[in-house]
Amino acid sequence: MKIHETATIKAHTNKSGYYNLSLYAPQIAKAAKPGQFVMVYLDKGEHLLPRPISIYDIKEDIVTLVYVEAGAGTKAMTKWPIGHSIKILGPLGNGFTIDLLGERERVAVIGGGVGAAPLFFLTEALYRQRAKVDIYLGFRDDASSLVKPFEGFADNIKVDIGGFVTDMLPPNPGYSAILTCGPIPMMKAVADYAHSHNMPCQVSLEERMACGLGACKGCVVKTMVGYQLCCDDGPVWDSKEVKWDA
Amino acid sequence: MHSLKVNLAGVELKNPICTASGTFGSGHEYAPFVNLNRLGAITVKGVSHEPWEGNPPHRTAETYGGMLNAVGLQNPSAKAFIEEDLPFLRKYDTKVIVNLCGRSLEDYIAVTEDFAGVDIDLFELNISCPNVKAGGMAMGTDPRAAEAVTKAVVARAKSPIIVKLSPNVTDIASIAKACEAGGAAGISLINSVLGMKIDIYKKKPVLGNIVGGLSGPAIKPIAVRMVYQVAKSVNLPILGMGGIATWEDAIEFIMAGATAVAVGMANFTNPSITMEILEGIEKFMAKEGITDINQIKGII
Ligand SMILES: Cc1cc2nc3c(=O)[nH]c(=O)nc-3n(C[C@H](O)[C@H](O)[C@H](O)COP(=O)(O)OP(=O)(O)OC[C@H]3O[C@@H](n4cnc5c(N)ncnc54)[C@H](O)[C@@H]3O)c2cc1C
Ligand SMILES: Cc1cc2nc3c(=O)[nH]c(=O)nc-3n(C[C@H](O)[C@H](O)[C@H](O)COP(=O)(O)O)c2cc1C
Ligand code: FES
């Protein structure tokens with residue numbers, strides 16, 4: 001069920017460039033699953049299109065998002081005070097497929113930059129399912145505010161600053177699944193790694209969106225079966241379905 | 001009580017608020033946010049005889065007061081629409097307008113024939129898409145081509161044809177007159193305005209198709225002017241659109257001569273905007289003592 005909900009800002013902090021935005025949005029909180037996102041409506045004016053932002057965490061009625069200032073729209077968001085009400089639409093998209101990842105499975109969760117955001121909600125869910133999770137995160141600069149919350153939910157956490165996250169991956173992994181979100185070159189390298197070890201890999205992709213509802217056909221990703229919609233068929237795909245070079 | 005009923009090309013709509021093609025999917029995408037029974041009509045996304053893949057990404061770009069799109073009429077074909085989407089729409093008490101696309105006269109004829117025996121209230125002949133290379137807008141910018149394609153489709157369609165015009169012309173009235181001569185039952189306008197955006201850091205156009213169509217509040221004054229000009233030059237009902245985002249905008253189009261109006265990009269800014277526009281119009285009528293919406297049609 002997709003909900004267009006009025007959400008009140010409960011907390012809004014800037015942790016070295018990663019903004020944590022906590023919203024009271026009970027209906028979306030109830031419905032969301034890991035890897036899904038919301039559309040965040042801006043205060044009209046200059047920015048008529050909503051911004052897609054992944055769900056970072058859910059605690060009871062509170063939906064938390066983590067975003068970086070990437071342009072004019074996210075810059076306008078940084079000014080929002082606590083108590084301010086906004087509109088959000090969600091939960092949207094397919095999310096990660098994790099139903100079968102139970103206590104016998106070892107899973108690698110690999111993120112780059114703000115792509116680590118949706119992976120926290122994911123890791124919490126995997127933890128509850130008792131999967132064994134190894135976390136690999138890569139950042140350009142220090143991002144301890146994004147890394148710290150993972151502690152306690154994962155078996156191993158490895159962090160790389162300034163290099164390639166794939167350099168930290170083990171030569172004989174044996175993971176049941178690899179789940180990743182980050183810059184395209186990183187995810188492509190992760191997908192190559194997964195394929196070379198015959199492990200299934202799910203990637204979370206981005207594309208510019210207008211409606212977020214599958215209506216405008218604006219957010220296409222090139223796949224083996226032609227164009228598919230990032231907002232509706234995605235944002236998560238099996239890495240073998242994606243046509244990376246398109 | 002006031003009456004919101006309007007007659008668009010022989011079809012009675014319960015109110016003048018419709019959705020614009022390509023911005024409302026096939027209706028079901030917006031069903032959680034809009035009471036579809038309260039819409040005058042739903043115009044579905046453009047359909048063609050064969051499936052169309054559409055343009056490469058990016059297909060959208062936000063611009064000041066609007067957006068560019070270059071979707072390129074991606075659709076799974078008229079046949080797929082009839083089988084998969086139409087039964088859902090028919091469960092609702094609203095009219096269905098089907099937007100017909102083609103790249104050639106033969107394409108337009110073929111897609112019209114795909115709907116033979118299918119229950120559709122109105123067809124909107126799209127000769128104005130700026131995002132397809134052949135056909136599309138080329139037909140909508142030449143009066144003779146516009147008349148010919150209108151005639152060919154009118155001769156084969158079981159329901160009335162309204163022709164959707166492109167604003168990318170010097171003399172909109174001459175195109176509207178050509179469609180009238182071709183037997184159109186109404187005119188719909190405007191489609192999006194050809195535009196372009198450049199990413200100055202990547203030093204590349206933002207859109208995969210390089211150019212695209214501008215929609216949203218930025219184009220509203222152009223649209224109001226063109227509705228006004230067409231209303232003064234033909235004897236056909238008009239479905240007006242282009243930048244409608246508030247009930248005040250909708251009233252403006254009706255005063256300029258539109259029988260009904262369609263809401264496009266504004267659905268992206270607020271998925272339940274059509275309901276808010278409808279409620280705003282009802283309040284305006286009550287306040288102004290307007291008993292029938294048709295009283296203010298074309299008063300300018
Ligand atoms: C499914 C999904 C989940 C995302 N999750 C997060 C998240 O958790 N945290 C986060 O910081 N960012 C996330 N993003 C990226 C975020 O949507 C963009 O950074 C944001 O839209 C930029 O808006 P802007 O106005 O600041 O930038 P501008 O460049 O000024 O935006 C112009 C237009 O382009 C669009 N756009 C620009 N960059 C992107 C992009 N990378 N992806 C999609 N649209 C873009 C904008 O939405 C807007 O319509 C996600 C994107 C997608 C598709
Ligand atoms: C994403 C998008 C897709 C569109 N697709 C179609 C289409 O398939 N057929 C068509 O006739 N017009 C299409 N249009 C044009 C709209 O129906 C409308 O004419 C135009 O956007 C102006 O109205 P607006 O400013 O309210 O959006 C599309 C517009 C957008 C933004
Ligand atoms: S954003 Fe409209 S279809 Fe995906």
# chains A, B, ... in the order shown; residues from 1 in each chain; ligands from 1
call {"tool": "residues_near_ligand", "arguments": {"ligand": "ligand 3", "cutoff": "8 Å", "atoms": "only C-alpha atoms and all ligand atoms", "output": "list of chain:residue names"}}
result
A:Arg208, A:Met209, A:Ala210, A:Cys211, A:Gly212, A:Leu213, A:Gly214, A:Ala215, A:Cys216, A:Lys217, A:Gly218, A:Cys219, A:Val220, A:Leu229, A:Cys230, A:Cys231, A:Asp232
call {"tool": "write_last_selection", "arguments": {"atoms": "all heavy atoms", "output": "CSV table (one decimal), in the first residue's frame"}}
result
chain,number,residue,atom,x,y,z
A,208,ARG,N,16.5,9.4,-12.3
A,208,ARG,CA,15.7,10.5,-12.0
A,208,ARG,C,14.2,10.2,-12.1
A,208,ARG,O,13.8,9.5,-13.0
A,208,ARG,CB,16.0,11.6,-13.0
A,208,ARG,CG,17.4,12.2,-12.8
A,208,ARG,CD,17.8,13.3,-13.8
A,208,ARG,NE,19.1,13.7,-13.5
A,208,ARG,CZ,19.4,15.0,-13.3
A,208,ARG,NH1,18.5,15.9,-13.4
A,208,ARG,NH2,20.6,15.3,-12.9
A,209,MET,N,13.5,10.7,-11.2
A,209,MET,CA,12.1,10.3,-11.1
A,209,MET,C,11.2,11.5,-11.1
A,209,MET,O,11.6,12.6,-10.6
A,209,MET,CB,11.8,9.5,-9.8
A,209,MET,CG,12.6,8.2,-9.7
A,209,MET,SD,12.2,7.3,-8.2
A,209,MET,CE,13.2,5.9,-8.5
A,210,ALA,N,9.9,11.3,-11.5
A,210,ALA,CA,8.9,12.4,-11.4
A,210,ALA,C,7.8,12.0,-10.6
A,210,ALA,O,7.5,12.5,-9.5
A,210,ALA,CB,8.5,12.8,-12.8
A,211,CYS,N,7.1,10.9,-11.0
A,211,CYS,CA,5.9,10.5,-10.2
A,211,CYS,C,6.2,9.6,-9.0
A,211,CYS,O,5.6,9.6,-8.0
A,211,CYS,CB,4.9,9.8,-11.1
A,211,CYS,SG,5.3,8.2,-11.8
A,212,GLY,N,7.2,8.6,-9.2
A,212,GLY,CA,7.5,7.6,-8.2
A,212,GLY,C,6.5,6.5,-8.1
A,212,GLY,O,6.6,5.6,-7.3
A,213,LEU,N,5.5,6.5,-9.0
A,213,LEU,CA,4.4,5.6,-9.0
A,213,LEU,C,4.3,4.7,-10.2
A,213,LEU,O,3.3,3.9,-10.3
A,213,LEU,CB,3.1,6.4,-8.8
A,213,LEU,CG,2.9,7.2,-7.5
A,213,LEU,CD1,1.7,8.2,-7.7
A,213,LEU,CD2,2.7,6.3,-6.4
A,214,GLY,N,5.2,4.7,-11.1
A,214,GLY,CA,5.1,3.9,-12.3
A,214,GLY,C,4.2,4.5,-13.3
A,214,GLY,O,3.9,3.8,-14.3
A,215,ALA,N,3.8,5.7,-13.2
A,215,ALA,CA,2.9,6.3,-14.1
A,215,ALA,C,3.5,7.1,-15.3
A,215,ALA,O,3.0,7.1,-16.4
A,215,ALA,CB,2.0,7.3,-13.3
A,216,CYS,N,4.7,7.7,-15.0
A,216,CYS,CA,5.2,8.7,-16.0
A,216,CYS,C,6.2,8.0,-17.0
A,216,CYS,O,6.5,8.6,-18.0
A,216,CYS,CB,5.8,9.9,-15.4
A,216,CYS,SG,7.4,9.6,-14.6
A,217,LYS,N,6.7,6.8,-16.6
A,217,LYS,CA,7.7,6.1,-17.4
A,217,LYS,C,9.0,6.9,-17.6
A,217,LYS,O,9.7,6.8,-18.6
A,217,LYS,CB,7.2,5.7,-18.8
A,217,LYS,CG,5.8,5.1,-18.8
A,217,LYS,CD,5.6,3.8,-18.1
A,217,LYS,CE,4.2,3.4,-18.0
A,217,LYS,NZ,3.9,2.5,-16.8
A,218,GLY,N,9.2,7.7,-16.6
A,218,GLY,CA,10.4,8.6,-16.7
A,218,GLY,C,11.7,8.0,-16.2
A,218,GLY,O,12.8,8.5,-16.5
A,219,CYS,N,11.6,7.0,-15.3
A,219,CYS,CA,12.8,6.6,-14.5
A,219,CYS,C,13.4,5.3,-15.0
A,219,CYS,O,13.7,4.4,-14.2
A,219,CYS,CB,12.4,6.5,-13.1
A,219,CYS,SG,11.1,5.2,-12.8
A,220,VAL,N,13.6,5.2,-16.3
A,220,VAL,CA,14.0,3.8,-16.8
A,220,VAL,C,15.5,3.4,-16.6
A,220,VAL,O,16.4,4.3,-16.6
A,220,VAL,CB,13.7,3.7,-18.3
A,220,VAL,CG1,12.2,3.5,-18.5
A,220,VAL,CG2,14.3,4.8,-19.1
A,229,LEU,N,11.3,0.2,-14.9
A,229,LEU,CA,11.1,1.4,-14.1
A,229,LEU,C,11.9,1.3,-12.7
A,229,LEU,O,11.6,0.4,-12.0
A,229,LEU,CB,9.7,1.7,-13.9
A,229,LEU,CG,8.8,1.9,-15.1
A,229,LEU,CD1,7.4,2.1,-14.7
A,229,LEU,CD2,9.3,3.1,-15.9
A,230,CYS,N,12.7,2.3,-12.5
A,230,CYS,CA,13.4,2.3,-11.2
A,230,CYS,C,12.5,2.4,-10.0
A,230,CYS,O,12.7,1.8,-9.0
A,230,CYS,CB,14.4,3.4,-11.2
A,230,CYS,SG,15.6,3.4,-9.8
A,231,CYS,N,11.4,3.1,-10.2
A,231,CYS,CA,10.5,3.4,-9.0
A,231,CYS,C,9.6,2.2,-8.7
A,231,CYS,O,9.1,2.1,-7.6
A,231,CYS,CB,9.6,4.6,-9.2
A,231,CYS,SG,8.4,4.5,-10.5
A,232,ASP,N,9.4,1.3,-9.7
A,232,ASP,CA,8.3,0.3,-9.6
A,232,ASP,C,8.9,-1.1,-9.7
A,232,ASP,O,8.7,-2.0,-8.9
A,232,ASP,CB,7.3,0.6,-10.7
A,232,ASP,CG,5.9,0.0,-10.3
A,232,ASP,OD1,5.7,-0.1,-9.1
A,232,ASP,OD2,5.2,-0.3,-11.2
call {"tool": "interface_residues", "arguments": {"of": "chain B", "to": "chain A", "cutoff": "9 Å", "atoms": "only C-alpha atoms", "output": "ChimeraX atom specification"}}
result
/B:22-30,32-33,45,53-54,56-67,69-71,73-75,216,265-272
call {"tool": "select_by_dssp", "arguments": {"residues": "region 73-129 of chain B", "states": "helix (DSSP H, G or I)", "output": "compact mmCIF listing (two decimals) with N, CA and C atoms, in the first residue's frame"}}
result
# COMPACT_ATOMS: atom_id res chain seq x y z
N ALA B 78 -1.43 -0.90 -28.07
CA ALA B 78 -2.87 -0.73 -27.83
C ALA B 78 -3.47 -2.04 -27.35
N LYS B 79 -3.03 -3.14 -27.93
CA LYS B 79 -3.58 -4.45 -27.57
C LYS B 79 -3.33 -4.73 -26.07
N ALA B 80 -2.11 -4.47 -25.64
CA ALA B 80 -1.78 -4.70 -24.22
C ALA B 80 -2.60 -3.78 -23.33
N PHE B 81 -2.77 -2.53 -23.76
CA PHE B 81 -3.58 -1.59 -22.97
C PHE B 81 -5.01 -2.11 -22.83
N ILE B 82 -5.57 -2.56 -23.95
CA ILE B 82 -6.97 -3.02 -23.94
C ILE B 82 -7.13 -4.23 -23.02
N GLU B 83 -6.16 -5.13 -23.05
CA GLU B 83 -6.27 -6.35 -22.25
C GLU B 83 -5.95 -6.13 -20.78
N GLU B 84 -4.90 -5.31 -20.51
CA GLU B 84 -4.41 -5.24 -19.14
C GLU B 84 -4.93 -4.05 -18.34
N ASP B 85 -5.11 -2.91 -18.99
CA ASP B 85 -5.44 -1.70 -18.24
C ASP B 85 -6.90 -1.27 -18.33
N LEU B 86 -7.50 -1.45 -19.48
CA LEU B 86 -8.85 -0.94 -19.68
C LEU B 86 -9.89 -1.54 -18.73
N PRO B 87 -9.84 -2.87 -18.46
CA PRO B 87 -10.86 -3.44 -17.56
C PRO B 87 -10.88 -2.76 -16.19
N PHE B 88 -9.69 -2.38 -15.67
CA PHE B 88 -9.63 -1.68 -14.39
C PHE B 88 -10.37 -0.34 -14.49
N LEU B 89 -10.04 0.43 -15.52
CA LEU B 89 -10.65 1.76 -15.66
C LEU B 89 -12.17 1.68 -15.79
N LEU B 105 1.06 8.03 -41.10
CA LEU B 105 -0.39 7.95 -41.29
C LEU B 105 -0.86 6.51 -41.09
N GLU B 106 -0.09 5.57 -41.62
CA GLU B 106 -0.46 4.14 -41.51
C GLU B 106 -0.51 3.71 -40.03
N ASP B 107 0.47 4.19 -39.24
CA ASP B 107 0.48 3.88 -37.81
C ASP B 107 -0.79 4.36 -37.13
N TYR B 108 -1.18 5.60 -37.44
CA TYR B 108 -2.37 6.18 -36.79
C TYR B 108 -3.62 5.38 -37.18
N ILE B 109 -3.67 4.97 -38.44
CA ILE B 109 -4.82 4.17 -38.89
C ILE B 109 -4.83 2.82 -38.16
N ALA B 110 -3.64 2.22 -38.06
CA ALA B 110 -3.56 0.89 -37.43
C ALA B 110 -3.97 0.95 -35.96
N VAL B 111 -3.53 1.98 -35.25
CA VAL B 111 -3.87 2.03 -33.82
C VAL B 111 -5.35 2.34 -33.64
N THR B 112 -5.92 3.13 -34.55
CA THR B 112 -7.37 3.39 -34.48
C THR B 112 -8.13 2.09 -34.68
N GLU B 113 -7.67 1.29 -35.64
CA GLU B 113 -8.36 0.02 -35.92
C GLU B 113 -8.18 -0.99 -34.78
N ASP B 114 -7.10 -0.86 -34.03
CA ASP B 114 -6.93 -1.73 -32.85
C ASP B 114 -8.09 -1.58 -31.87
call {"tool": "residues_near_ligand", "arguments": {"ligand": "ligand 1", "cutoff": "9 Å", "atoms": "only C-alpha atoms and all ligand atoms", "output": "number ranges by chain"}}
result
A: 18-19, 35-39, 47-56, 65-77, 92-93, 113-118, 204-210, 219, 230-231, 234-236; B: 60-63, 67
call {"tool": "residues_around", "arguments": {"residues": "Val133 (chain A)", "least_positions_apart": "2", "cutoff": "8 Å", "atoms": "only C-alpha atoms", "output": "list in words"}}
result
Arg106, Val107, Ala108, Val109, Thr123, Leu126, Tyr127, Ala131, Ile135, Phe153, Ala154, Asp155 and Asn156 of chain A
call {"tool": "select_by_dssp", "arguments": {"residues": "region 18-244 of chain B", "states": "strand (DSSP E or B)", "output": "MDAnalysis selection string"}}
result
chainID B and resid 18:19 41:43 47 52 60:63 66:69 75 95:100 122:126 161:164 186:189 193:196 198:199 204:205 211:215 238:241
call {"tool": "closest_atom_pairs", "arguments": {"of": "chain B", "to": "ligand 2", "cutoff": "8 Å", "atoms": "only C-alpha atoms and all ligand atoms", "output": "Markdown table"}}
result
| residue | atom | partner | partner_atom_place_in_ligand_line | distance |
| --- | --- | --- | --- | --- |
| B:Thr19 | CA | ligand 2 | 17 (O) | 7.9 |
| B:Ala20 | CA | ligand 2 | 17 (O) | 4.1 |
| B:Ser21 | CA | ligand 2 | 17 (O) | 3.9 |
| B:Gly22 | CA | ligand 2 | 5 (N) | 3.3 |
| B:Thr23 | CA | ligand 2 | 2 (C) | 5.1 |
| B:Val44 | CA | ligand 2 | 8 (O) | 7.7 |
| B:Lys45 | CA | ligand 2 | 8 (O) | 4.5 |
| B:Gly46 | CA | ligand 2 | 8 (O) | 3.6 |
| B:Val47 | CA | ligand 2 | 8 (O) | 7.2 |
| B:Thr60 | CA | ligand 2 | 1 (C) | 7.3 |
| B:Gly66 | CA | ligand 2 | 25 (O) | 7.5 |
| B:Met67 | CA | ligand 2 | 31 (C) | 7.0 |
| B:Leu68 | CA | ligand 2 | 31 (C) | 6.9 |
| B:Asn69 | CA | ligand 2 | 1 (C) | 5.4 |
| B:Ala70 | CA | ligand 2 | 1 (C) | 7.4 |
| B:Val71 | CA | ligand 2 | 3 (C) | 6.3 |
| B:Gly72 | CA | ligand 2 | 5 (N) | 7.8 |
| B:Leu73 | CA | ligand 2 | 8 (O) | 5.1 |
| B:Gln74 | CA | ligand 2 | 8 (O) | 7.9 |
| B:Asn99 | CA | ligand 2 | 9 (N) | 6.0 |
| B:Leu100 | CA | ligand 2 | 9 (N) | 7.7 |
| B:Cys101 | CA | ligand 2 | 9 (N) | 7.5 |
| B:Glu124 | CA | ligand 2 | 11 (O) | 7.5 |
| B:Leu125 | CA | ligand 2 | 11 (O) | 7.6 |
| B:Asn126 | CA | ligand 2 | 11 (O) | 4.9 |
| B:Ile127 | CA | ligand 2 | 11 (O) | 7.7 |
| B:Ser128 | CA | ligand 2 | 11 (O) | 6.7 |
| B:Cys129 | CA | ligand 2 | 10 (C) | 6.2 |
| B:Lys164 | CA | ligand 2 | 11 (O) | 6.4 |
| B:Leu189 | CA | ligand 2 | 19 (O) | 6.5 |
| B:Ile190 | CA | ligand 2 | 19 (O) | 5.2 |
| B:Asn191 | CA | ligand 2 | 19 (O) | 3.5 |
| B:Ser192 | CA | ligand 2 | 20 (C) | 4.6 |
| B:Gly213 | CA | ligand 2 | 29 (C) | 7.3 |
| B:Leu214 | CA | ligand 2 | 21 (O) | 7.0 |
| B:Ser215 | CA | ligand 2 | 25 (O) | 3.7 |
| B:Gly216 | CA | ligand 2 | 25 (O) | 3.5 |
| B:Pro217 | CA | ligand 2 | 25 (O) | 6.2 |
| B:Ala218 | CA | ligand 2 | 25 (O) | 7.8 |
| B:Ile219 | CA | ligand 2 | 25 (O) | 6.4 |
| B:Lys220 | CA | ligand 2 | 25 (O) | 6.9 |
| B:Met241 | CA | ligand 2 | 23 (O) | 5.1 |
| B:Gly242 | CA | ligand 2 | 23 (O) | 3.5 |
| B:Gly243 | CA | ligand 2 | 25 (O) | 3.4 |
| B:Ile244 | CA | ligand 2 | 26 (O) | 5.0 |
| B:Ala245 | CA | ligand 2 | 26 (O) | 7.1 |
| B:Ala262 | CA | ligand 2 | 26 (O) | 6.7 |
| B:Val263 | CA | ligand 2 | 26 (O) | 4.7 |
| B:Gly264 | CA | ligand 2 | 26 (O) | 3.3 |
| B:Met265 | CA | ligand 2 | 27 (O) | 3.7 |
| B:Ala266 | CA | ligand 2 | 26 (O) | 6.1 |
call {"tool": "write_last_selection", "arguments": {"atoms": "C-alpha atoms", "output": "CSV table (one decimal), in the first residue's frame"}}
result
chain,number,residue,atom,x,y,z
B,19,THR,CA,-6.0,14.1,-16.3
B,20,ALA,CA,-3.4,14.8,-19.0
B,21,SER,CA,-2.0,11.9,-21.1
B,22,GLY,CA,1.2,10.4,-19.9
B,23,THR,CA,1.0,12.0,-16.4
B,44,VAL,CA,-4.5,7.5,-20.4
B,45,LYS,CA,-0.8,7.4,-21.5
B,46,GLY,CA,-0.2,7.4,-25.3
B,47,VAL,CA,-0.7,4.1,-27.1
B,60,THR,CA,13.1,13.8,-17.1
B,66,GLY,CA,8.3,23.0,-14.5
B,67,MET,CA,10.0,19.9,-16.0
B,68,LEU,CA,11.3,18.6,-19.3
B,69,ASN,CA,10.4,15.1,-20.4
B,70,ALA,CA,11.6,12.9,-23.2
B,71,VAL,CA,9.8,9.6,-22.4
B,72,GLY,CA,9.3,9.0,-26.1
B,73,LEU,CA,5.9,7.4,-25.7
B,74,GLN,CA,7.1,4.2,-24.2
B,99,ASN,CA,-4.4,9.1,-26.5
B,100,LEU,CA,-3.4,7.7,-29.9
B,101,CYS,CA,0.2,7.9,-31.3
B,124,GLU,CA,-7.3,12.1,-28.3
B,125,LEU,CA,-5.2,12.0,-31.5
B,126,ASN,CA,-1.7,12.9,-30.5
B,127,ILE,CA,-0.1,14.7,-33.4
B,128,SER,CA,2.0,16.8,-31.1
B,129,CYS,CA,4.6,14.7,-29.2
B,164,LYS,CA,-4.1,17.3,-29.5
B,189,LEU,CA,-4.1,21.7,-26.2
B,190,ILE,CA,-1.3,22.3,-25.4
B,191,ASN,CA,1.2,19.5,-25.5
B,192,SER,CA,4.6,20.3,-24.1
B,213,GLY,CA,9.0,18.8,-23.8
B,214,LEU,CA,8.5,21.4,-21.1
B,215,SER,CA,5.4,21.1,-18.9
B,216,GLY,CA,4.2,22.7,-15.7
B,217,PRO,CA,3.4,26.2,-14.4
B,218,ALA,CA,6.2,27.7,-16.6
B,219,ILE,CA,4.1,27.1,-19.7
B,220,LYS,CA,0.7,28.1,-18.4
B,241,MET,CA,-4.1,22.0,-20.4
B,242,GLY,CA,-0.6,23.2,-19.8
B,243,GLY,CA,0.6,24.1,-16.3
B,244,ILE,CA,-2.6,23.7,-14.4
B,245,ALA,CA,-1.6,23.3,-10.7
B,262,ALA,CA,-6.6,18.4,-17.9
B,263,VAL,CA,-4.0,18.3,-15.1
B,264,GLY,CA,-0.6,17.0,-16.0
B,265,MET,CA,2.7,17.6,-14.3
B,266,ALA,CA,0.9,18.8,-11.1
